[in-house]
Amino acid sequence: QVQLVESGGGLVQPGGSLRLSCAVSGFKLDLPYYAIGWFRQAPGKEREGVSCISMSDSSTYHADSVKGRFTISRDNAKNTVYLQMNSLKPEDTAVYYCAARLRAAWGPLMLHHNQYDYWGQGTQVTVSS
């Protein structure tokens with residue numbers, strides 16, 4: 001059974017950093033053709049793709065709003081995907097979700113939430129002074 005569990009959210013001041021973790025069970029991250037994505041949803045807004053990573057070659061895509069500030073990475077030994085968030089802004093405030101796609105595909109479309117099969121429960125990130 002596939003499960004994804006996010007952690008690492010919290011309250012941080014503008015300009016600060018957080019690292020989110022997505023612990024995966026039910027499949028191995030070193031299997032090719034799969035993908036893991038990070039998404040976020042603020043109150044009253046649609047779910048937005050933030051970053052995604054390919055299990056085949058660790059290539060990544062990032063939303064324009066987070067390029068240069070957020071980095072997605074993986075640790076196969078821990079079966080965990082991370083989202084390092086630096087230079088945080090109040091507009092980054094949202095519930096952050098990780099998601100897994102267990103079907104072959106890759107490209108910028110992987111930043112769209114309808115491409116994913118399994119979802120975690122989310123972790124709250126609040127950026128405020």
# chains A, B, ... in the order shown; residues from 1 in each chain; ligands from 1
$ residues_around --residues "range 62-70 of chain A" --least-positions-apart "4" --cutoff "8 Å" --atoms "only C-alpha atoms" --output "list in words"
Gly49, Val50, Ser51, Cys52, Leu83, Gln84, Met85, Asn86, Ser87, Leu88 and Leu111 of chain A
$ write_last_selection --atoms "C-alpha atoms" --output "mmCIF file, in the first residue's frame"
data_model
loop_
_atom_site.group_PDB
_atom_site.id
_atom_site.type_symbol
_atom_site.label_atom_id
_atom_site.label_comp_id
_atom_site.auth_asym_id
_atom_site.auth_seq_id
_atom_site.Cartn_x
_atom_site.Cartn_y
_atom_site.Cartn_z
ATOM 1 C CA GLY A 49 2.528 22.698 -8.382
ATOM 2 C CA VAL A 50 5.778 23.731 -6.702
ATOM 3 C CA SER A 51 8.479 21.225 -7.661
ATOM 4 C CA CYS A 52 8.784 17.690 -9.007
ATOM 5 C CA LEU A 83 11.857 20.207 -0.409
ATOM 6 C CA GLN A 84 14.414 22.740 0.786
ATOM 7 C CA MET A 85 12.772 26.159 0.961
ATOM 8 C CA ASN A 86 14.961 29.242 1.322
ATOM 9 C CA SER A 87 14.228 32.977 1.283
ATOM 10 C CA LEU A 88 10.658 32.287 2.278
ATOM 11 C CA LEU A 111 3.695 20.239 -12.130
#
$ closest_residue --among "A:Val127, A:Ala77, A:Leu31, A:Ala99" --to "Asn114 in chain A" --atoms "only C-alpha atoms"
A:Ala99
$ residues_around --residues "Val95 in chain A" --least-positions-apart "3" --cutoff "8 Å" --atoms "only C-alpha atoms" --output "PyMOL selection string"
chain A and resi 40-42+122-125
$ atom_distance --atom1 "CA of Tyr116 in chain A" --atom2 "CA of Arg103 in chain A"
8.8 Å
$ atom_distance --atom1 "CA of Gln1 in chain A" --atom2 "CA of Ala23 in chain A"
13.5 Å
$ atom_distance --atom1 "CA of Arg74 in chain A" --atom2 "CA of Gln13 in chain A"
25.9 Å
$ select_by_dssp --residues "chain A" --states "strand (DSSP E)" --output "count of residues only"
60
$ closest_residue --among "A:Gly16, A:Gly26, A:Pro32, A:Gly9" --to "Trp106 in chain A" --atoms "only C-alpha atoms"
A:Pro32
$ closest_residue --among "A:Ser56, A:Ser128, A:Lys45, A:Ser7" --to "Cys22 in chain A" --atoms "only C-alpha atoms"
A:Ser7
$ closest_residue --among "A:Thr93, A:Val5, A:Ala104, A:Leu18" --to "Trp119 in chain A" --atoms "only C-alpha atoms"
A:Val5
$ select_by_dssp --residues "chain A" --states "helix (DSSP H, G or I)" --output "ChimeraX atom specification"
/A:90-92,108-111,113-115
$ residues_around --residues "Lys89 in chain A" --least-positions-apart "3" --cutoff "7 Å" --atoms "only C-alpha atoms" --output "ChimeraX atom specification"
/A:14-15,92,127
$ closest_residue --among "A:Leu11, A:Ile53, A:Leu29, A:Ile36" --to "Tyr97 in chain A" --atoms "only C-alpha atoms"
A:Ile36
$ decode --residues "range 23-112 of chain A" --atoms "C-alpha atoms" --output "short mmCIF file (atom, residue, chain, number, x, y, z; two decimals), in the first residue's frame"
data_model
loop_
_atom_site.label_atom_id
_atom_site.label_comp_id
_atom_site.auth_asym_id
_atom_site.auth_seq_id
_atom_site.Cartn_x
_atom_site.Cartn_y
_atom_site.Cartn_z
CA ALA A 23 8.56 9.75 3.61
CA VAL A 24 7.42 7.18 1.06
CA SER A 25 6.32 3.61 1.70
CA GLY A 26 4.85 1.00 -0.61
CA PHE A 27 7.36 1.47 -3.42
CA LYS A 28 11.07 2.18 -3.79
CA LEU A 29 12.25 5.58 -4.98
CA ASP A 30 14.95 3.97 -7.14
CA LEU A 31 12.36 2.49 -9.51
CA PRO A 32 12.52 4.37 -12.82
CA TYR A 33 9.73 6.24 -14.61
CA TYR A 34 7.98 7.33 -11.41
CA ALA A 35 7.80 10.89 -10.14
CA ILE A 36 7.31 12.73 -6.88
CA GLY A 37 5.87 16.22 -6.74
CA TRP A 38 5.37 18.91 -4.13
CA PHE A 39 2.24 21.01 -4.26
CA ARG A 40 0.73 23.71 -2.09
CA GLN A 41 -2.69 25.12 -1.45
CA ALA A 42 -3.48 28.39 0.27
CA PRO A 43 -6.96 29.19 1.60
CA GLY A 44 -9.32 30.06 -1.21
CA LYS A 45 -6.80 29.17 -3.91
CA GLU A 46 -6.31 26.23 -6.23
CA ARG A 47 -3.67 23.60 -5.57
CA GLU A 48 -0.41 24.77 -7.17
CA GLY A 49 2.53 22.70 -8.38
CA VAL A 50 5.78 23.73 -6.70
CA SER A 51 8.48 21.22 -7.66
CA CYS A 52 8.78 17.69 -9.01
CA ILE A 53 11.54 15.15 -9.47
CA SER A 54 11.94 12.19 -11.80
CA MET A 55 12.92 8.86 -10.29
CA SER A 56 14.65 7.93 -13.57
CA ASP A 57 17.38 10.56 -13.56
CA SER A 58 16.51 13.05 -10.78
CA SER A 59 15.70 15.77 -13.30
CA THR A 60 13.45 18.44 -11.83
CA TYR A 61 10.94 21.14 -12.62
CA HIS A 62 10.12 24.11 -10.43
CA ALA A 63 7.34 26.65 -10.62
CA ASP A 64 8.52 30.13 -11.65
CA SER A 65 7.42 31.48 -8.28
CA VAL A 66 9.97 29.33 -6.42
CA LYS A 67 12.87 29.06 -8.88
CA GLY A 68 16.17 29.90 -7.23
CA ARG A 69 14.64 29.55 -3.75
CA PHE A 70 13.33 25.97 -3.51
CA THR A 71 15.21 22.75 -4.23
CA ILE A 72 13.77 19.25 -4.48
CA SER A 73 15.97 16.22 -3.78
CA ARG A 74 15.75 12.55 -2.92
CA ASP A 75 17.47 10.09 -0.60
CA ASN A 76 16.94 6.57 -1.91
CA ALA A 77 18.40 4.99 1.23
CA LYS A 78 15.76 6.72 3.37
CA ASN A 79 13.06 6.47 0.67
CA THR A 80 12.41 10.15 1.26
CA VAL A 81 12.01 13.22 -0.94
CA TYR A 82 12.87 16.66 0.42
CA LEU A 83 11.86 20.21 -0.41
CA GLN A 84 14.41 22.74 0.79
CA MET A 85 12.77 26.16 0.96
CA ASN A 86 14.96 29.24 1.32
CA SER A 87 14.23 32.98 1.28
CA LEU A 88 10.66 32.29 2.28
CA LYS A 89 8.01 34.91 1.63
CA PRO A 90 4.57 35.45 3.19
CA GLU A 91 3.02 34.35 -0.12
CA ASP A 92 4.61 30.91 0.37
CA THR A 93 2.17 30.32 3.22
CA ALA A 94 0.08 27.25 2.42
CA VAL A 95 -0.49 23.59 3.18
CA TYR A 96 2.21 21.66 1.35
CA TYR A 97 1.51 18.19 -0.06
CA CYS A 98 3.71 15.58 -1.66
CA ALA A 99 2.32 13.27 -4.31
CA ALA A 100 3.48 10.22 -6.25
CA ARG A 101 2.91 9.24 -9.85
CA LEU A 102 3.46 5.54 -10.51
CA ARG A 103 3.10 5.68 -14.28
CA ALA A 104 5.69 6.58 -16.89
CA ALA A 105 5.64 10.21 -17.98
CA TRP A 106 7.81 13.30 -17.64
CA GLY A 107 7.77 16.91 -18.66
CA PRO A 108 6.54 20.28 -17.41
CA LEU A 109 3.04 18.83 -17.14
CA MET A 110 4.27 17.01 -14.05
CA LEU A 111 3.70 20.24 -12.13
CA HIS A 112 -0.03 19.73 -12.54
#
